[in-house]
Every structure is written in structure tokens, then in C-alpha cells.
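Have a look at the structure below before the remarks.
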Amino acid sequence: MTAVDTNLLADLQMRGLVNQMTSPEELTQHLQKSRVLYCGFDPTADSLHIGSLVPLLVLRRFQQAGHKPLALVGGATGMIGDPSFKSQERKLNTIDIIDQWVDRLKAQVSAFIEFNDQGNSAAVVNNYDWTKDVDVLTFLRDVGKHFSVSSMIQKESVKQRLERDGEGISFTEFAYMILQSFDFSQLYKQYNCSLQIGGSDQWGNITGGIDLTRRQHRAQVFGLTLPLVTKSDGTKFGKTESGTIWLDEKKTSQYAFYQFWINTADADVYKFLRFFTFLNEAKMLAIEEQDRAAQGKPEAQSILATEVTRLVHGEKGLQAALRISEALFSGQLEQLTKEDLQQLYLDGMPASQTSKKSITLVQVLVDSGLAKSNKMAREFIVNNAVSVNGDKVSDLDAVLTPFLGLQGEYHVIKRGKKLFHLLHWAG
RNA sequence: GGUGGGGUUCCCGAGUGGCCAAAGGGAUCAGACUGUAAAUCUGACGCGUAAGCUUCGGUGGUUCGAAUCCACCUCCCACCA
């Protein structure tokens, strides 16, 4: 039997990772032994984004403490759409698309948990497997009968939707909770799974599952929700000017991922260290103390970025991100060798190639996506926001040619303080 | 099926025949200050160097002129059956 770390809950609480839990004393008691727990991830896109990182890492924390994690991929629930705290009814995706997404998610969640031969080896399950063959009548009689509509509409997660003018909720979405509850009950039956974790928005769905499991199997199971990750400035966590931060490196490069964390506000960074890293409390307090004493630029952001990038993209991905970041932000562009530049290209720095002999700067800005239109490109140049190979350019008619490039082949274009693009003259 | 209310530029939201590329707020972007922070100030924020062009759910119409009026279609919401 795997040894169990009985301080797990205390650690999670120290990290601020516990939002709500059912019967705390009994759950603490329950977790003295190795248990099976699960967390669901619905396929709403072809990749998870960093919003799912907290639950994924908590699954990992549970496994490290000796419990068996199940990552549930919502092949069934993803077809319905969770209405919890969503202000609008959502469009249904087609079944083929959902299938593809399910496969990607399986691979992604697998990276965060261990599959070994020990008692607490992780597993990935798909709720489509036990939902697809349940016919409507059976479902309504055996599952639906356990739910009271009046208690369902009391749930905070759908209440505001029901009360809000101009929006409604279809029966399909309303029934989502029942499907998710059915998952918990099934996983209890099949795996003796006794704990479900999820975001704070999942509380209603989780307690629904707990009730159903009690009614169908006369068993007590537990729920624990994690806090919503919020930022001190009130803006939404996980978005940048260029969009969502995805876990898939094809959608968000390792470099962009690293940069996202580097840009964490001071007001949030120590909290995020607790949420997103496995550093122990003493270590994190030491970092905080040191930053305070230093009065200058804090170290916490770079530690956070390093740790999280390593967790998600591995040591290689981290090194690639670091190489680009250092090259670009140290300001020593002219010292880069041809190999360095090539490596930046391979590391996934935003880049493009051209076989032309010369291009206007305005054109380059637009082609590279650094500016949305010629008009914006010109505005950036006039505002002194553009530099090429480290030098500000304020000439609207500037033209780039290979000769002027680094090593005769590359131009590093910078717009604003943080956006870069590598232009390679392939001709 | 009936009745009523809606669909405005990324979001919210004003605009009911010309003064509207369309108020205001938010978000976003740039500059200054900085630490690739925060706060603050300044500027930008449909496309076009410009003349100008293309937008206000869709199509068609009325008009010198429509986001604004009319018809049909479509989607959403509420209530009634």
C-alpha cells in the first residue's frame, strides 16, 4: 500500500487552494488512507488552457500524497455544455469535433499525473463510455428520479441565469448537472472513487453527485472545490492581448507561456507561487522576504515562470523559453551569433521568412502580426514604438534589406516593450 | 401557435431620417515614468498616406439621403396557449 501523506489537506489550505469542502472533519479522516479521487475536464476546445492548471496540479498533489487520481474527460458532458455561472446558452459542437478534442485532452491531462504499477497509478476515463448506452427512459427513471427540480433551480450556478433578463436556459444545459452527478455515482461504483475536486463553479454539480451517490449506493462521498484564480486588478486570469494562454505549445509557445508568468503582477505573484508550484512553504516565504528586502526587482516572477514552464513544458521547453527571453530582453542583440539566431527560430520565437530582397518596415509589421493594419503600423512607428535590431526607427518609409540584418540574414523587430518578431531572409 | 420586447463597431451600452464611422464606460494598444511591475498622465482604438471607402442580424424596398422608416427572413428573450 502506498504511504499516505496525511498533511495534504493542511498543505492545500496553506496554499489557499481550498475553497469549499463537504464535511471537513470526516474528509480529513477519510484522507488518512489512500483514496480514489477525480476531476473532470470538458472538451470545450482543442486544448486545455491555464485555467485548468490548478485542478490538474491538485490532482498531482493528491497523487504525490498517495492517492489515486482519475482524470475524467467529458466526452459526454462536453456534448451538452455546462451552464454553471455561464451567462449565455452555448452553441453545441459537432460530435466529430468533440471526439478530436477528447483525444487531445486525454494526452494533455496524462502529462500531469503518473501512470505506474503502484496502487495509486492514475487513470484517464471518459464519461462517454458509461453514458452513451443509457437510454432516455432508464436515465429518467433511475437517475432523474433522484433529482428535485426545485432544488436544482436553487443552485447558485444556474440561479442568476434563470433570473437574468434577456437570457434563458435550455433543458439540455439544465440537465448537465444530472449527467455530471451520474459520473460521480458511476466512478464510485467502478473505482470506489470517493472524492471529486473541481473549480469553485463546480460546487453545485459536485454536491449533486454526492447526493446521487448516496441515494443510489448509500455511500458517503466527498467534494472539494478550488478557488477561482483571480488577479488583483480585477481582469480575467489567463488572457493576454494575444488571447488565451493554452497548455498546448502549438497554440501558445513555450516562450509565450514563460512570458505570461514573468508578467505576473507583484500583487499576485506570491499567491500564484502557492497555486502553481510545488515549492514548500518555507521556500516561498523566503522568496517573499528576500524580495521585500531587495526593494528592487523581485525574483518571484522569474521563479514562478521557471517552475510552471518546467511543469508544463518540461526542462527542454523551459530552456528554449529562457534562451529567447534572455536574448531579447538583455538588449545585446548584436552579440547573437548565427547559431543563436537559428536556435531562437527553432525554439519557437515568433518568426517569419521572406525571399524578397527588400521590404518596407510598415509591411513587415503588418505581415508579422505586430500591427493589425498599415495604419496601426504607421502609428506605432510615429509613436516611437518600433525598433529594429535594437535601434528605434521613426522613419515611416524605412526599408529593410538583408545586408542591414544581423549576420546578414535576420532582423529582430520589436514593437512596444514586449513583442518581438524574427524576420529571416531566406533568399 | 399567439402577443410583446430585442439583435449597434472586442464587451456593455447610447443613438428613432441628414450635424453618425456612430455618445459614454470597460477592455486593449502605444508613449512618458519604471522592474518586461503597479499607479498616474498623454495619445490611439473600422479600412485607407489621402480623396474616400465599407459598417449598426440578413435580404429587398421607400427616400436626394437610413443604424434609424417599410416588407420579408433569421436568431434571442418574456408572457400567454
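We label chains A, B, ... in the order they appear in the C-alpha cells, count residues from 1 in each chain, and number ligands from 1 in the order shown.
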
Check your understanding: Please, which residues of chain B lie no more than 12 Å from chain A when the count uses only C-alpha atoms (C1' of nucleotides), and can they be set out as a PyMOL selection string?
Key -> chain B and resi 5-7+10+26-32+34-39+42-49+76-78

Practice item. As a ChimeraX atom specification, list the residues of stretch 339-393 of chain A assigned to strand (DSSP E) by DSSP on the backbone atoms of this structure. Key: /A:351-354,359-360,386-388,391-392

Practice item. Quick one: everything within 12 Å of B:A71, counting only C-alpha atoms (C1' of nucleotides), minus sequence neighbours fewer than 4 positions away in the same chain. Send it as a list of chain:residue names. Key: B:U59, B:G60, B:G61, B:U62

Check your understanding: Can you list, as a ChimeraX atom specification, every protein, DNA or RNA residue that comes within 9 Å of A:Phe237 when you count only C-alpha atoms (C1' of nucleotides), leaving out same-chain residues fewer than 6 positions away?
Key -> /A:50-51,229-231
